[in-house]
Amino acid sequence: CCMEYPCKSSLQAYWYPEVDTDAETIVCQYGKEYPLFMLEKATSHLYETKAGCYDDWWMDPPTTSSTTTTTVPVTVAPIPALDKYWFPDVHGVGNKCILDNTYDDFMARPNYRSDYLFSTKKKCCAKYLCDDMIAAPPAPTSTTTTTTPATTTTTTTPATTTTTTTPATTTSSTVPVTVAP
């Protein structure tokens with residue numbers, strides 16, 4: 001413990017959120033008994049003031065009487081529902097965009113919102129190349145070209161000579177080819 005984190009005895013006392021899973025509440029406690037991971041996320045878990053803790057965790061401070069300093073558990077206020085947007089499914093297989101309000105929290109942050117949340121599937125897939133929106137390549141084809149050379153025929157009979165010239169011709173045809181997978 002002391003190699004990675006400071007020992008409890010050397011920690012500074014802070015206000016921190018503590019979950020009471022039985023009562024489904026969060027209370028802000030003061031002391032050095034906070035979980036050590038909170039040191040890594042100090043700006044959202046450790047507070048100089050009681051009000052800072054309650055404000056960040058969407059709670060009203062508990063009511064206390066003038067004769068006691070005991071903290072009363074407070075039920076956490078529900079988080080408002082998120083708006084639905086098209087966003088890349090970064091946890092699924094393949095490239096796809098989905099319409100829902102279950103996007104990762106970071107996607108809604110101001111610096112990321114325009115890169116991850118979209119009003120239409122077309123806009124989302126334009127950025128993330130959805131598998132179902134990519135056009136299939138054209139089918140392979142085979143082209144056959146036949147060229148017939150020009151010919152000249154001369155027929156001579158007594159008193160007349162007739163010359164007939166047939167021009168050269170080229171014929172092309174394109175046929176779809178089936179390619180085995």
# chains A, B, ... in the order shown; residues from 1 in each chain; ligands from 1

$ residues_around --residues "stretch 85-99 of chain A" --least-positions-apart "5" --cutoff "7 Å" --atoms "only C-alpha atoms" --output "PyMOL selection string"
chain A and resi 116-121+124-125+128-131

$ write_last_selection --atoms "all heavy atoms" --output "CSV table (one decimal), in the first residue's frame"
chain,number,residue,atom,x,y,z
A,116,TYR,N,-18.6,13.3,-31.5
A,116,TYR,CA,-19.2,12.0,-31.2
A,116,TYR,C,-20.7,12.0,-31.2
A,116,TYR,O,-21.3,10.9,-31.3
A,116,TYR,CB,-18.7,11.6,-29.8
A,116,TYR,CG,-17.3,11.2,-29.8
A,116,TYR,CD1,-16.3,12.1,-29.4
A,116,TYR,CD2,-16.9,9.9,-30.2
A,116,TYR,CE1,-14.9,11.7,-29.4
A,116,TYR,CE2,-15.6,9.5,-30.2
A,116,TYR,CZ,-14.6,10.4,-29.8
A,116,TYR,OH,-13.3,10.0,-29.8
A,117,LEU,N,-21.4,13.1,-31.1
A,117,LEU,CA,-22.8,13.1,-31.0
A,117,LEU,C,-23.4,13.8,-32.2
A,117,LEU,O,-23.0,15.0,-32.5
A,117,LEU,CB,-23.3,13.8,-29.7
A,117,LEU,CG,-22.8,13.2,-28.4
A,117,LEU,CD1,-23.3,14.0,-27.2
A,117,LEU,CD2,-23.2,11.7,-28.3
A,118,PHE,N,-24.3,13.2,-32.9
A,118,PHE,CA,-24.8,13.7,-34.2
A,118,PHE,C,-26.3,13.6,-34.3
A,118,PHE,O,-27.0,12.8,-33.6
A,118,PHE,CB,-24.3,12.8,-35.4
A,118,PHE,CG,-22.8,12.8,-35.4
A,118,PHE,CD1,-22.0,11.8,-34.7
A,118,PHE,CD2,-22.1,13.8,-36.1
A,118,PHE,CE1,-20.6,11.8,-34.8
A,118,PHE,CE2,-20.7,13.8,-36.1
A,118,PHE,CZ,-20.0,12.8,-35.5
A,119,SER,N,-26.9,14.5,-35.0
A,119,SER,CA,-28.4,14.6,-35.2
A,119,SER,C,-28.9,13.6,-36.2
A,119,SER,O,-30.1,13.3,-36.1
A,119,SER,CB,-28.8,16.0,-35.6
A,119,SER,OG,-28.1,16.4,-36.8
A,120,THR,N,-28.1,13.1,-37.1
A,120,THR,CA,-28.5,12.1,-38.0
A,120,THR,C,-27.5,10.9,-38.2
A,120,THR,O,-26.3,11.1,-37.9
A,120,THR,CB,-28.7,12.7,-39.4
A,120,THR,OG1,-27.4,13.1,-39.9
A,120,THR,CG2,-29.6,13.9,-39.4
A,121,LYS,N,-28.0,9.8,-38.6
A,121,LYS,CA,-27.1,8.6,-38.8
A,121,LYS,C,-26.2,9.0,-40.0
A,121,LYS,O,-25.0,8.6,-39.9
A,121,LYS,CB,-28.0,7.4,-39.2
A,121,LYS,CG,-27.1,6.2,-39.4
A,121,LYS,CD,-28.0,5.0,-39.7
A,121,LYS,CE,-27.2,3.7,-39.8
A,121,LYS,NZ,-28.0,2.5,-40.1
A,124,CYS,N,-23.2,10.9,-38.6
A,124,CYS,CA,-22.3,10.0,-37.8
A,124,CYS,C,-21.5,9.0,-38.7
A,124,CYS,O,-20.3,8.9,-38.5
A,124,CYS,CB,-23.2,9.2,-36.8
A,124,CYS,SG,-22.3,8.2,-35.7
A,125,CYS,N,-22.2,8.4,-39.6
A,125,CYS,CA,-21.6,7.4,-40.5
A,125,CYS,C,-20.6,8.1,-41.4
A,125,CYS,O,-19.6,7.4,-41.9
A,125,CYS,CB,-22.6,6.6,-41.2
A,125,CYS,SG,-23.4,5.4,-40.1
A,128,TYR,N,-17.6,8.1,-39.2
A,128,TYR,CA,-17.1,6.8,-38.6
A,128,TYR,C,-17.2,5.7,-39.6
A,128,TYR,O,-17.0,4.5,-39.2
A,128,TYR,CB,-17.8,6.5,-37.3
A,128,TYR,CG,-17.3,7.5,-36.3
A,128,TYR,CD1,-18.0,8.6,-35.9
A,128,TYR,CD2,-16.1,7.3,-35.7
A,128,TYR,CE1,-17.6,9.5,-35.0
A,128,TYR,CE2,-15.6,8.2,-34.7
A,128,TYR,CZ,-16.3,9.3,-34.4
A,128,TYR,OH,-15.8,10.2,-33.5
A,129,LEU,N,-17.6,5.9,-40.9
A,129,LEU,CA,-17.6,4.9,-42.0
A,129,LEU,C,-18.3,3.7,-41.5
A,129,LEU,O,-17.8,2.6,-41.5
A,129,LEU,CB,-16.2,4.6,-42.4
A,129,LEU,CG,-15.3,5.8,-42.9
A,129,LEU,CD1,-13.9,5.3,-43.2
A,129,LEU,CD2,-15.9,6.5,-44.1
A,130,CYS,N,-19.6,3.8,-41.3
A,130,CYS,CA,-20.4,2.7,-40.8
A,130,CYS,C,-20.4,1.6,-41.9
A,130,CYS,O,-20.5,1.8,-43.1
A,130,CYS,CB,-21.9,3.1,-40.6
A,130,CYS,SG,-22.1,4.3,-39.3
A,131,ASP,N,-20.3,0.3,-41.4
A,131,ASP,CA,-20.3,-0.8,-42.3
A,131,ASP,C,-21.5,-0.9,-43.2
A,131,ASP,O,-21.4,-1.2,-44.4
A,131,ASP,CB,-20.2,-2.1,-41.5
A,131,ASP,CG,-18.9,-2.2,-40.7
A,131,ASP,OD1,-17.9,-1.6,-41.1
A,131,ASP,OD2,-18.9,-3.0,-39.7

$ atom_distance --atom1 "atom CA of A:Lys50" --atom2 "atom CA of A:Cys28"
7.0 Å

$ select_by_dssp --residues "stretch 93-127 of chain A" --states "strand (DSSP E or B)" --output "list in words"
Cys97, Ile98, Leu99, Asp100 and Phe118 of chain A

$ write_last_selection --atoms "N, CA, C and O atoms" --output "PDB file, in the first residue's frame"
ATOM      1  N   CYS A  97     -23.157   3.272 -36.140  1.00  0.00           N
ATOM      2  CA  CYS A  97     -23.661   4.356 -35.311  1.00  0.00           C
ATOM      3  C   CYS A  97     -25.035   3.932 -34.805  1.00  0.00           C
ATOM      4  O   CYS A  97     -25.804   3.313 -35.536  1.00  0.00           O
ATOM      5  N   ILE A  98     -25.332   4.282 -33.551  1.00  0.00           N
ATOM      6  CA  ILE A  98     -26.618   3.927 -32.972  1.00  0.00           C
ATOM      7  C   ILE A  98     -27.294   5.174 -32.407  1.00  0.00           C
ATOM      8  O   ILE A  98     -26.628   6.140 -32.034  1.00  0.00           O
ATOM      9  N   LEU A  99     -28.613   5.134 -32.359  1.00  0.00           N
ATOM     10  CA  LEU A  99     -29.407   6.229 -31.805  1.00  0.00           C
ATOM     11  C   LEU A  99     -29.871   5.815 -30.420  1.00  0.00           C
ATOM     12  O   LEU A  99     -30.627   4.858 -30.266  1.00  0.00           O
ATOM     13  N   ASP A 100     -29.381   6.523 -29.409  1.00  0.00           N
ATOM     14  CA  ASP A 100     -29.737   6.190 -28.037  1.00  0.00           C
ATOM     15  C   ASP A 100     -29.221   7.298 -27.123  1.00  0.00           C
ATOM     16  O   ASP A 100     -28.604   8.259 -27.592  1.00  0.00           O
ATOM     17  N   PHE A 118     -24.312  13.159 -32.943  1.00  0.00           N
ATOM     18  CA  PHE A 118     -24.812  13.661 -34.220  1.00  0.00           C
ATOM     19  C   PHE A 118     -26.332  13.628 -34.255  1.00  0.00           C
ATOM     20  O   PHE A 118     -26.977  12.791 -33.624  1.00  0.00           O
TER      21      PHE A 118
END

$ atom_distance --atom1 "atom CA of A:Lys41" --atom2 "atom CA of A:Lys84"
28.4 Å

$ closest_residue --among "A:Pro17, A:Pro149, A:Pro110, A:Gly31" --to "A:His45" --atoms "only C-alpha atoms"
A:Pro17

$ atom_distance --atom1 "atom CA of A:Thr25" --atom2 "atom CA of A:Ser10"
28.8 Å

$ residues_around --residues "A:Ala42" --least-positions-apart "6" --cutoff "12 Å" --atoms "only C-alpha atoms" --output "list in words"
Gln12, Tyr14, Trp15, Tyr16, Pro17, Tyr34, Pro35, Leu36, Glu48 and Cys53 of chain A

$ write_last_selection --atoms "N, CA, C and O atoms" --output "PDB file, in the first residue's frame"
ATOM      1  N   GLN A  12      -4.093  13.660   4.151  1.00  0.00           N
ATOM      2  CA  GLN A  12      -4.755  14.873   4.617  1.00  0.00           C
ATOM      3  C   GLN A  12      -6.249  14.581   4.718  1.00  0.00           C
ATOM      4  O   GLN A  12      -6.808  13.852   3.898  1.00  0.00           O
ATOM      5  N   TYR A  14     -10.128  15.236   4.224  1.00  0.00           N
ATOM      6  CA  TYR A  14     -10.983  15.923   3.250  1.00  0.00           C
ATOM      7  C   TYR A  14     -12.431  15.508   3.470  1.00  0.00           C
ATOM      8  O   TYR A  14     -12.722  14.503   4.114  1.00  0.00           O
ATOM      9  N   TRP A  15     -13.335  16.270   2.850  1.00  0.00           N
ATOM     10  CA  TRP A  15     -14.724  15.845   2.696  1.00  0.00           C
ATOM     11  C   TRP A  15     -14.755  14.950   1.467  1.00  0.00           C
ATOM     12  O   TRP A  15     -14.156  15.268   0.443  1.00  0.00           O
ATOM     13  N   TYR A  16     -15.427  13.806   1.556  1.00  0.00           N
ATOM     14  CA  TYR A  16     -15.497  12.860   0.442  1.00  0.00           C
ATOM     15  C   TYR A  16     -16.851  12.155   0.439  1.00  0.00           C
ATOM     16  O   TYR A  16     -17.485  12.005   1.482  1.00  0.00           O
ATOM     17  N   PRO A  17     -17.321  11.726  -0.749  1.00  0.00           N
ATOM     18  CA  PRO A  17     -18.602  11.021  -0.829  1.00  0.00           C
ATOM     19  C   PRO A  17     -18.431   9.567  -0.392  1.00  0.00           C
ATOM     20  O   PRO A  17     -17.424   8.931  -0.686  1.00  0.00           O
ATOM     21  N   TYR A  34     -11.039   7.818   3.395  1.00  0.00           N
ATOM     22  CA  TYR A  34     -11.550   7.676   2.027  1.00  0.00           C
ATOM     23  C   TYR A  34     -10.760   6.611   1.277  1.00  0.00           C
ATOM     24  O   TYR A  34      -9.595   6.349   1.591  1.00  0.00           O
ATOM     25  N   PRO A  35     -11.396   5.958   0.285  1.00  0.00           N
ATOM     26  CA  PRO A  35     -10.677   4.967  -0.526  1.00  0.00           C
ATOM     27  C   PRO A  35      -9.509   5.629  -1.251  1.00  0.00           C
ATOM     28  O   PRO A  35      -9.607   6.766  -1.719  1.00  0.00           O
ATOM     29  N   LEU A  36      -8.409   4.918  -1.368  1.00  0.00           N
ATOM     30  CA  LEU A  36      -7.192   5.501  -1.937  1.00  0.00           C
ATOM     31  C   LEU A  36      -7.324   5.887  -3.413  1.00  0.00           C
ATOM     32  O   LEU A  36      -6.637   6.791  -3.877  1.00  0.00           O
ATOM     33  N   GLU A  48     -12.372  20.416   0.085  1.00  0.00           N
ATOM     34  CA  GLU A  48     -11.973  21.220   1.244  1.00  0.00           C
ATOM     35  C   GLU A  48     -13.198  21.561   2.095  1.00  0.00           C
ATOM     36  O   GLU A  48     -13.076  21.741   3.303  1.00  0.00           O
ATOM     37  N   CYS A  53     -18.510  19.140  -1.604  1.00  0.00           N
ATOM     38  CA  CYS A  53     -18.822  17.721  -1.764  1.00  0.00           C
ATOM     39  C   CYS A  53     -20.289  17.538  -2.137  1.00  0.00           C
ATOM     40  O   CYS A  53     -20.611  16.850  -3.104  1.00  0.00           O
TER      41      CYS A  53
END
